[in-house]
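Next up, model.txt (compact mmCIF, C-alpha atoms):
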# COMPACT_ATOMS: atom_id res chain seq x y z
CA MET A 1 7.21 4.77 0.14
CA ALA A 2 6.95 1.59 -1.93
CA ALA A 3 3.21 1.42 -1.21
CA ILE A 4 2.71 4.96 -2.54
CA ALA A 5 4.72 4.15 -5.68
CA THR A 6 2.64 1.01 -6.23
CA ILE A 7 -0.62 2.95 -5.86
CA PHE A 8 0.62 5.62 -8.28
CA PHE A 9 1.62 2.96 -10.80
CA ALA A 10 -1.82 1.27 -10.57
CA VAL A 11 -3.65 4.59 -10.91
CA SER A 12 -1.42 5.54 -13.87
CA LEU A 13 -2.23 2.31 -15.69
CA SER A 14 -5.97 2.73 -15.16
CA ALA A 15 -5.81 6.38 -16.20
CA GLN A 16 -3.96 5.63 -19.44
CA SER A 17 -7.17 4.29 -20.91
CA GLN A 18 -8.87 7.66 -20.30
CA HIS A 19 -8.85 10.28 -23.05
CA HIS A 20 -6.65 13.30 -22.23
CA THR A 21 -4.93 11.90 -19.17
CA GLN A 22 -3.49 14.76 -17.15
CA LEU A 23 -0.54 14.70 -14.82
CA ALA A 24 0.73 17.52 -12.60
CA LEU A 25 3.99 18.03 -10.75
CA LYS A 26 3.37 20.11 -7.60
CA THR A 27 4.95 21.89 -4.65
CA ASN A 28 3.21 23.22 -1.54
CA LEU A 29 4.52 26.77 -1.13
CA LEU A 30 3.57 26.80 2.59
CA TYR A 31 5.86 23.80 3.18
CA ASP A 32 8.57 25.56 1.19
CA ALA A 33 8.15 28.69 3.36
CA ALA A 34 8.55 26.46 6.45
CA MET A 35 11.83 25.16 4.96
CA THR A 36 10.36 21.75 4.19
CA PRO A 37 11.28 20.91 0.59
CA ASN A 38 8.45 18.90 -0.95
CA ILE A 39 7.29 17.44 -4.20
CA GLY A 40 3.99 16.01 -5.25
CA MET A 41 2.34 14.44 -8.23
CA GLU A 42 -1.34 14.39 -9.15
CA ILE A 43 -2.87 12.27 -11.87
CA GLY A 44 -6.32 12.37 -13.44
CA VAL A 45 -8.17 9.11 -12.92
CA ASP A 46 -11.39 10.03 -14.75
CA LYS A 47 -13.32 13.23 -15.55
CA LYS A 48 -14.10 14.04 -11.90
CA HIS A 49 -11.41 12.25 -9.86
CA THR A 50 -7.70 12.62 -9.26
CA PHE A 51 -5.14 11.01 -6.98
CA GLN A 52 -2.16 12.87 -5.56
CA ALA A 53 0.78 12.09 -3.30
CA PHE A 54 3.26 14.44 -1.64
CA TYR A 55 6.59 13.82 0.03
CA GLY A 56 8.23 16.43 2.27
CA TYR A 57 11.48 16.39 4.24
CA HIS A 58 12.77 18.92 6.78
CA PRO A 59 16.39 18.07 7.76
CA TRP A 60 17.55 21.28 9.50
CA SER A 61 18.09 22.38 13.11
CA PHE A 62 18.89 25.79 14.63
CA GLY A 63 21.15 26.68 17.57
CA HIS A 64 23.64 24.57 19.54
CA GLY A 65 23.59 22.16 22.48
CA ASP A 66 20.66 22.34 24.89
CA ASP A 67 19.41 25.56 23.25
CA GLN A 68 19.05 23.83 19.90
CA LYS A 69 15.59 24.16 18.33
CA TYR A 70 14.57 21.76 15.66
CA LEU A 71 11.72 19.98 14.02
CA LYS A 72 13.25 17.38 11.75
CA HIS A 73 10.66 15.29 9.96
CA TRP A 74 9.52 13.56 6.81
CA ILE A 75 5.94 13.11 5.61
CA ILE A 76 4.05 11.19 2.94
CA ASN A 77 0.62 12.55 2.12
CA PRO A 78 -1.69 10.78 -0.40
CA GLU A 79 -5.14 12.16 -1.27
CA TRP A 80 -8.14 11.07 -3.38
CA ARG A 81 -10.12 14.00 -4.83
CA HIS A 82 -13.59 14.49 -6.27
CA TRP A 83 -13.98 17.56 -8.49
CA PHE A 84 -17.35 19.32 -8.73
CA CYS A 85 -16.88 20.43 -12.35
CA HIS A 86 -13.79 19.16 -14.17
CA ARG A 87 -10.57 17.80 -12.71
CA PHE A 88 -7.76 20.33 -12.21
CA ASN A 89 -10.20 23.27 -12.36
CA GLY A 90 -12.48 24.71 -9.68
CA SER A 91 -13.68 23.20 -6.39
CA PHE A 92 -12.86 19.77 -5.01
CA VAL A 93 -13.27 17.71 -1.85
CA GLY A 94 -10.75 15.10 -0.83
CA ILE A 95 -9.92 12.34 1.57
CA HIS A 96 -6.30 12.52 2.68
CA ALA A 97 -3.96 10.43 4.77
CA PHE A 98 -0.48 11.14 6.07
CA GLY A 99 2.33 9.53 7.96
CA GLY A 100 5.96 10.02 8.82
CA GLU A 101 8.61 10.35 11.48
CA TYR A 102 9.84 13.33 13.50
CA SER A 103 12.44 14.53 16.00
CA ALA A 104 11.58 17.82 17.71
CA ALA A 105 12.89 19.98 20.54
CA ARG A 106 12.33 23.47 21.95
CA ILE A 107 9.34 24.14 19.68
CA LYS A 108 6.38 26.33 20.64
CA MET A 109 3.32 24.80 19.01
CA PRO A 110 0.34 26.98 18.03
CA PHE A 111 -2.70 27.33 20.31
CA GLY A 112 -0.74 26.03 23.33
CA TRP A 113 -0.89 22.45 22.07
CA TRP A 114 1.76 20.01 23.33
CA LYS A 115 3.36 22.41 25.83
CA GLU A 116 5.99 19.81 26.86
CA LEU A 117 7.63 20.23 23.46
CA ARG A 118 8.97 23.63 24.60
CA ASP A 119 11.26 22.05 27.21
CA ASP A 120 11.98 18.48 26.12
CA HIS A 121 13.08 16.49 23.11
CA PHE A 122 10.55 14.16 21.43
CA GLU A 123 11.10 11.53 18.74
CA GLY A 124 8.61 9.21 17.11
CA TRP A 125 6.19 8.59 14.28
CA TYR A 126 2.70 9.71 13.32
CA VAL A 127 -0.18 8.64 11.12
CA GLY A 128 -3.53 10.23 10.42
CA GLY A 129 -6.10 11.38 7.92
CA GLY A 130 -8.98 13.69 7.25
CA VAL A 131 -11.15 15.48 4.75
CA SER A 132 -10.21 18.49 2.69
CA TYR A 133 -11.68 21.20 0.52
CA GLY A 134 -9.87 23.22 -2.09
CA TYR A 135 -10.02 25.28 -5.23
CA GLN A 136 -7.71 25.25 -8.24
CA TRP A 137 -7.24 28.08 -10.74
CA VAL A 138 -5.96 27.57 -14.28
CA MET A 139 -3.29 30.22 -14.89
CA SER A 140 -2.07 29.06 -18.31
CA ARG A 141 -1.78 25.92 -20.40
CA HIS A 142 0.90 24.46 -18.11
CA TRP A 143 0.46 26.30 -14.80
CA ASN A 144 -2.23 26.05 -12.11
CA PHE A 145 -2.49 27.39 -8.58
CA GLU A 146 -4.38 25.73 -5.72
CA ALA A 147 -5.52 26.57 -2.19
CA ALA A 148 -6.68 23.78 0.13
CA ILE A 149 -7.49 23.18 3.79
CA GLY A 150 -8.34 20.05 5.73
CA VAL A 151 -9.37 18.74 9.13
CA GLY A 152 -8.93 15.35 10.67
CA ALA A 153 -7.05 13.40 13.33
CA ALA A 154 -3.59 12.00 13.97
CA TYR A 155 -2.07 9.36 16.22
CA ILE A 156 1.37 10.51 17.40
CA ASP A 157 3.72 8.00 19.03
CA TYR A 158 6.67 9.44 20.99
CA LYS A 159 9.73 8.91 23.15
CA ARG A 160 10.51 11.84 25.44
CA TYR A 161 14.05 12.87 26.45
CA ASP A 162 15.44 15.39 28.98
CA CYS A 163 17.40 17.57 26.59
CA THR A 164 18.03 18.05 22.90
CA VAL A 165 21.41 16.35 22.52
CA CYS A 166 22.31 14.13 25.46
CA GLY A 167 19.13 13.60 27.45
CA LYS A 168 18.10 10.33 29.00
CA LYS A 169 14.70 8.92 28.19
CA LYS A 170 11.97 10.27 30.50
CA ASP A 171 8.99 8.35 29.15
CA ASP A 172 7.15 7.24 26.05
CA GLY A 173 3.54 7.21 24.97
CA HIS A 174 1.18 8.65 22.42
CA LYS A 175 -1.02 11.65 21.77
CA ILE A 176 -4.20 12.03 19.77
CA TYR A 177 -4.54 15.22 17.76
CA ILE A 178 -7.84 16.45 16.30
CA GLY A 179 -7.93 19.65 14.27
CA PRO A 180 -6.44 21.13 11.09
CA THR A 181 -4.44 18.50 9.17
CA LYS A 182 -3.87 20.28 5.89
CA ALA A 183 -3.00 23.76 4.65
CA ALA A 184 -1.72 24.20 1.13
CA LEU A 185 -0.98 26.93 -1.37
CA THR A 186 0.26 24.82 -4.24
CA LEU A 187 1.90 25.62 -7.56
CA LEU A 188 1.32 23.00 -10.27
CA TYR A 189 3.03 22.32 -13.56
CA MET A 190 0.62 20.47 -15.87
CA PHE A 191 1.85 17.92 -18.42
Written as structure tokens, how would this file's structure read?
Amino acid sequence: MAAIATIFFAVSLSAQSQHHTQLALKTNLLYDAAMTPNIGMEIGVDKKHTFQAFYGYHPWSFGHGDDQKYLKHWIINPEWRHWFCHRFNGSFVGIHAFGGEYSAARIKMPFGWWKELRDDHFEGWYVGGGVSYGYQWVMSRHWNFEAAIGVGAAYIDYKRYDCTVCGKKKDDGHKIYIGPTKAALTLLYMF
């Protein structure tokens, strides 16, 4: 978290020398729909580049005892963007990274990926990155809307337990994930 704050501070200082520095406060509505409160900030670096960072946290679980389903996690997600026309308007490509920690049990993942997660409890950390494409629409002087997708890879470290609450450790290891790494429908407030 301190590293992200340091990067934002450095980018802010370099951007202050630019004319018409723009800053946006953001939330990914898809994260919100998945009950993961999140907040992001994006700052204009020059006419065609911006830097953003998101933080999301999902603290809830559902059910009781061994039937408990949950996917508790936090994520930090920085991204460098190149805009094809002007920043904060139109198409962009980006390079994103992400990392965080998780605790998950009784979850059915899409496309049959990580089938063991349906029966066991996993805890660990993850880190990854990828490339993204998106488009941003100007809705008014202070409001924008954005859609973005991305693909990439992630390294997922885990400890596996028998059950959700009281299970003994079965094993540990890691998984490599390659596929979609970003999906965003984002509402922005422009300063």
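Shortest atom-to-atom contact with Gly150 (chain A) among A:Pro59, A:Gly99, A:Gly179, A:Gly124: A:Gly179, counting only C-alpha atoms.
If you count all atoms listed in the file and ignore residues fewer than 4 places along the chain from Leu23 (chain A), what sits within 6 Å of it is Glu42, Ile43, Met190 and Phe191 of chain A.
Residues within 12 Å of Ala153 (chain A), counting only C-alpha atoms and excluding same-chain residues fewer than 3 positions away, are His96, Ala97, Phe98, Gly99, Tyr126, Val127, Gly128, Gly129, Gly130, Val131, Gly150, Ile156, Lys175, Ile176, Tyr177, Ile178, Gly179, Pro180, Thr181 and Lys182 of chain A.
Nearest residue to Leu30 (chain A), choosing from A:Phe62, A:Ser140, A:Pro110, A:Glu146 and counting only C-alpha atoms: A:Glu146.
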TODO: Tell me which of A:Phe122, A:Trp143, A:Ser132, A:Asn77 sits closest to His174 (chain A), counting only C-alpha atoms.
DONE: A:Phe122
TODO: Could you jot down the CA of Thr186 (chain A) to CA of Lys69 (chain A) separation for me, Å, one decimal place?
DONE: 27.3 Å
Open item on the list: Which residue is closest to Lys168 (chain A)? Choose from A:Phe51, A:His121, A:Met35, A:Trp137 and count all atoms listed in the file.
Closed with: A:His121
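When all atoms listed in the file are used to compute distances to Trp60 (chain A), the closest of the residues A:Lys159, A:His73, A:Lys26, A:Lys48 turns out to be A:His73.
Pairwise distance (CA of Lys47 (chain A), CA of Ile95 (chain A)) equals 17.5 Å.
Near Met41 (chain A), within 10 Å and counting all atoms listed in the file, sit Phe8, Leu23, Ala24, Leu25, Lys26, Thr27, Phe51, Gln52, Ala53, Phe54, Tyr55, Pro78, Leu188, Tyr189 and Met190 of chain A, not including residues fewer than 6 positions from it in the same chain.
Between CA of Ile39 (chain A) and CA of Tyr57 (chain A) the separation is 9.5 Å.
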Padding 4 Å on each side, edges along x, y and z: where is the centre of the box around the listed atoms of region 106-110 of chain A, and how long are its edges in Å to one decimal? Output it as lines of an AutoDock Vina configuration file.
center_x = 6.3
center_y = 25.2
center_z = 20.0
size_x = 20.0
size_y = 11.5
size_z = 11.9
- [ ] Measuring atom to atom with all atoms listed in the file, identify which of A:Arg87, A:Arg160, A:Arg118, A:Lys170 is nearest to Asn144 (chain A).
- [x] A:Arg87
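Every protein, DNA or RNA residue with an atom at most 7 Å from Asn28 (chain A), where all atoms listed in the file count and chain neighbours fewer than 6 positions away do not, is listed here: Asn38, Ala184, Leu185, Thr186 and Leu187 of chain A.
Using only C-alpha atoms, the residues found no farther than 6 Å from Trp74 (chain A), other than those of its own chain fewer than 3 positions away, are Gly56, Tyr57, Gly100 and Glu101 of chain A.
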